[in-house]
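Student: Quick one: the structure is below, questions incoming.
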Amino acid sequence: MESFLAEYGVLAILVSAFFQGELAVGMGGVLAHQDLVSVPGAVGAGSLAAFTSSQGFFFLGRSLRDRPFVRRMMARPGFARARSLFERHPSGFVFGYHFIPGFQAVSPLAIGTTAISGARFALLNAFASFIWANSFTGLGYALGNSMEFALGELRLIEHLLLGLAAVLVLFLVARRVVHRWTLAHRG
């Protein structure tokens with residue numbers, strides 16, 4: 001397993017980050033702590049996945065914004081909330097949606113239906129993707145370090161399973177907090 005992760009670790013982080021971003025990038029930090037991938041490799045893979053997926057959803061929204069099915073999506077409450085928040089704070093929203101669970105797909109799609117230029121979105125998205133990937137890679141690395149300190153030297157599989165569990169718990173707690181905050185602040 002170690003040789004597989006050492007050879008394909010960065011690619012595995014890149015591919016899995018498209019589907020489960022925070023979890024995959026956090027696990028990239030755990031892998032970096034185990035010296036199976038480099039920290040810059042883990043951050044780069046997470047940044048590239050976040051940037052590419054956001055750009056794809058942005059251009060999908062931009063190119064299809066006049067289509068009936070996109071108009072129907074725009075009428076949905078979640079889409080409308082994202083767009084309304086964007087209208088009030090465009091730069092902050094482009095940066096912030098990366099850190100809000102559940103907003104990573106709908107937000108760039110919604111932003112694509114607005115008047116923001118593609119170049120401005122790409123610049124803000126690149127910066128936000130890099131900061132986001134650094135944050136979650138660092139969290140995974142710190143969790144790996146803390147687990148090793150608390151539990152002593154661990155075998156690779158134990159380390160990865162505990163890291164996965166810790167990142168998953170933190171993700172679920174953050175998602176719940178954001179959900180409750182969103183419910184409390186609906187206008």
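Residues are named by chain letter and number: chains run A, B, ... in the order of the structure tokens, numbers start at 1 in each chain, and ligands are numbered from 1 in the order shown.
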Write out as a ChimeraX atom specification which residues come within 9 Å of Gly61 in chain A when counting only C-alpha atoms, dropping same-chain ones fewer than 2 positions away.

Tutor: /A:56-59,63-65,70,108-114

Student: Restricting the calculation to only C-alpha atoms, which member of A:Ile116, A:Ala75, A:Leu60, A:Pro101 is positioned closest to His89 in chain A?

Tutor: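 The answer is A:Ile116, which sits nearest to His89 in chain A.
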
Student: So that I can see what lies close to Ala45 in chain A, please list as a CSV table (one decimal) with N, CA, C and O atoms, in the first residue's frame the residues with an atom at most 12 Å from it, counting only C-alpha atoms and leaving out residues fewer than 4 positions away in the same chain.

Tutor:
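This is the output file selection01.csv:
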chain,number,residue,atom,x,y,z
A,8,TYR,N,1.3,7.0,-6.6
A,8,TYR,CA,0.1,7.6,-7.1
A,8,TYR,C,-0.6,8.5,-6.1
A,8,TYR,O,-1.7,9.0,-6.4
A,9,GLY,N,0.1,8.9,-5.0
A,9,GLY,CA,-0.6,9.7,-4.0
A,9,GLY,C,-1.1,11.0,-4.5
A,9,GLY,O,-2.3,11.4,-4.2
A,10,VAL,N,-0.3,11.8,-5.2
A,10,VAL,CA,-0.7,13.1,-5.6
A,10,VAL,C,-1.8,13.0,-6.6
A,10,VAL,O,-2.8,13.7,-6.6
A,11,LEU,N,-1.7,12.0,-7.5
A,11,LEU,CA,-2.8,11.8,-8.5
A,11,LEU,C,-4.1,11.3,-7.8
A,11,LEU,O,-5.2,11.8,-8.2
A,12,ALA,N,-3.9,10.5,-6.8
A,12,ALA,CA,-5.1,10.1,-6.0
A,12,ALA,C,-5.8,11.2,-5.3
A,12,ALA,O,-7.0,11.3,-5.3
A,13,ILE,N,-5.0,12.1,-4.8
A,13,ILE,CA,-5.5,13.3,-4.1
A,13,ILE,C,-6.3,14.2,-5.2
A,13,ILE,O,-7.4,14.6,-5.0
A,14,LEU,N,-5.6,14.4,-6.3
A,14,LEU,CA,-6.2,15.2,-7.4
A,14,LEU,C,-7.6,14.6,-7.8
A,14,LEU,O,-8.6,15.4,-7.9
A,15,VAL,N,-7.6,13.4,-8.1
A,15,VAL,CA,-8.9,12.7,-8.6
A,15,VAL,C,-9.9,12.7,-7.6
A,15,VAL,O,-11.1,13.1,-7.8
A,16,SER,N,-9.6,12.3,-6.3
A,16,SER,CA,-10.6,12.2,-5.3
A,16,SER,C,-11.1,13.6,-4.8
A,16,SER,O,-12.2,13.7,-4.4
A,17,ALA,N,-10.2,14.6,-5.0
A,17,ALA,CA,-10.7,16.0,-4.6
A,17,ALA,C,-11.8,16.5,-5.4
A,17,ALA,O,-12.5,17.4,-5.0
A,18,PHE,N,-11.9,16.0,-6.6
A,18,PHE,CA,-13.1,16.4,-7.5
A,18,PHE,C,-14.4,16.0,-6.9
A,18,PHE,O,-15.4,16.6,-7.1
A,21,GLY,N,-13.8,17.0,-1.9
A,21,GLY,CA,-12.7,17.9,-1.7
A,21,GLY,C,-12.1,18.0,-0.4
A,21,GLY,O,-10.9,17.7,-0.2
A,24,ALA,N,-10.6,14.6,0.8
A,24,ALA,CA,-9.4,14.2,0.0
A,24,ALA,C,-8.2,15.0,0.3
A,24,ALA,O,-7.1,14.5,0.4
A,25,VAL,N,-8.4,16.3,0.4
A,25,VAL,CA,-7.2,17.2,0.6
A,25,VAL,C,-6.7,17.1,2.0
A,25,VAL,O,-5.5,17.1,2.3
A,26,GLY,N,-7.6,16.9,3.0
A,26,GLY,CA,-7.2,16.6,4.4
A,26,GLY,C,-6.4,15.4,4.4
A,26,GLY,O,-5.4,15.3,5.1
A,27,MET,N,-6.8,14.3,3.7
A,27,MET,CA,-6.1,13.1,3.7
A,27,MET,C,-4.7,13.3,3.0
A,27,MET,O,-3.8,12.6,3.3
A,28,GLY,N,-4.7,14.2,2.1
A,28,GLY,CA,-3.4,14.6,1.5
A,28,GLY,C,-2.4,15.1,2.5
A,28,GLY,O,-1.2,14.8,2.4
A,29,GLY,N,-2.9,15.8,3.4
A,29,GLY,CA,-2.1,16.3,4.5
A,29,GLY,C,-1.6,15.2,5.4
A,29,GLY,O,-0.4,15.2,5.8
A,37,VAL,N,3.7,11.6,0.2
A,37,VAL,CA,3.6,12.7,-0.8
A,37,VAL,C,4.2,13.9,-0.2
A,37,VAL,O,4.4,14.1,1.0
A,38,SER,N,4.6,14.8,-1.1
A,38,SER,CA,5.2,16.1,-0.6
A,38,SER,C,4.0,17.1,-0.2
A,38,SER,O,2.9,16.9,-0.8
A,39,VAL,N,4.3,18.0,0.7
A,39,VAL,CA,3.3,19.0,1.0
A,39,VAL,C,2.9,19.8,-0.2
A,39,VAL,O,1.7,20.0,-0.5
A,40,PRO,N,3.9,20.3,-0.9
A,40,PRO,CA,3.6,21.1,-2.1
A,40,PRO,C,2.8,20.2,-3.1
A,40,PRO,O,1.9,20.8,-3.8
A,41,GLY,N,3.0,18.9,-3.2
A,41,GLY,CA,2.3,18.1,-4.2
A,41,GLY,C,0.8,18.0,-3.7
A,41,GLY,O,-0.1,18.0,-4.5
A,49,ALA,N,-7.6,20.8,-8.4
A,49,ALA,CA,-8.9,20.2,-8.4
A,49,ALA,C,-10.0,21.2,-8.1
A,49,ALA,O,-11.0,21.3,-8.8
A,50,ALA,N,-9.7,22.0,-7.0
A,50,ALA,CA,-10.7,23.0,-6.7
A,50,ALA,C,-10.9,24.1,-7.8
A,50,ALA,O,-12.0,24.5,-8.1
A,51,PHE,N,-9.7,24.5,-8.3
A,51,PHE,CA,-9.8,25.6,-9.3
A,51,PHE,C,-10.5,25.0,-10.6
A,51,PHE,O,-11.4,25.7,-11.1
A,52,THR,N,-10.1,23.9,-11.0
A,52,THR,CA,-10.6,23.3,-12.3
A,52,THR,C,-12.1,23.0,-12.2
A,52,THR,O,-12.9,23.4,-13.1
A,129,SER,N,-8.7,28.9,-4.2
A,129,SER,CA,-8.4,27.5,-4.3
A,129,SER,C,-7.1,27.2,-3.6
A,129,SER,O,-7.0,26.2,-2.9
A,130,PHE,N,-6.1,28.0,-3.8
A,130,PHE,CA,-4.8,27.8,-3.2
A,130,PHE,C,-4.9,27.9,-1.7
A,130,PHE,O,-4.4,27.1,-0.9
A,132,TRP,N,-7.6,27.6,0.2
A,132,TRP,CA,-8.4,26.4,0.6
A,132,TRP,C,-7.6,25.2,0.7
A,132,TRP,O,-7.6,24.4,1.7
A,133,ALA,N,-6.8,24.9,-0.3
A,133,ALA,CA,-6.0,23.6,-0.3
A,133,ALA,C,-4.9,23.7,0.7
A,133,ALA,O,-4.7,22.7,1.4
A,134,ASN,N,-4.3,24.8,0.9
A,134,ASN,CA,-3.3,24.9,2.0
A,134,ASN,C,-4.0,24.7,3.4
A,134,ASN,O,-3.4,24.0,4.2
A,136,PHE,N,-6.8,22.9,4.2
A,136,PHE,CA,-7.1,21.5,4.5
A,136,PHE,C,-6.0,20.6,4.5
A,136,PHE,O,-5.9,19.6,5.2
A,137,THR,N,-4.9,20.9,3.7
A,137,THR,CA,-3.7,20.1,3.7
A,137,THR,C,-3.1,20.3,5.1
A,137,THR,O,-2.6,19.3,5.7

Student: Mind listing the helix (DSSP H, G or I) residues of range 12-185 of chain A, per DSSP on the backbone, as a PyMOL selection string?

Tutor: chain A and resi 12-17+21-33+39-64+68-74+77-88+90-99+106-112+118-151+156-184
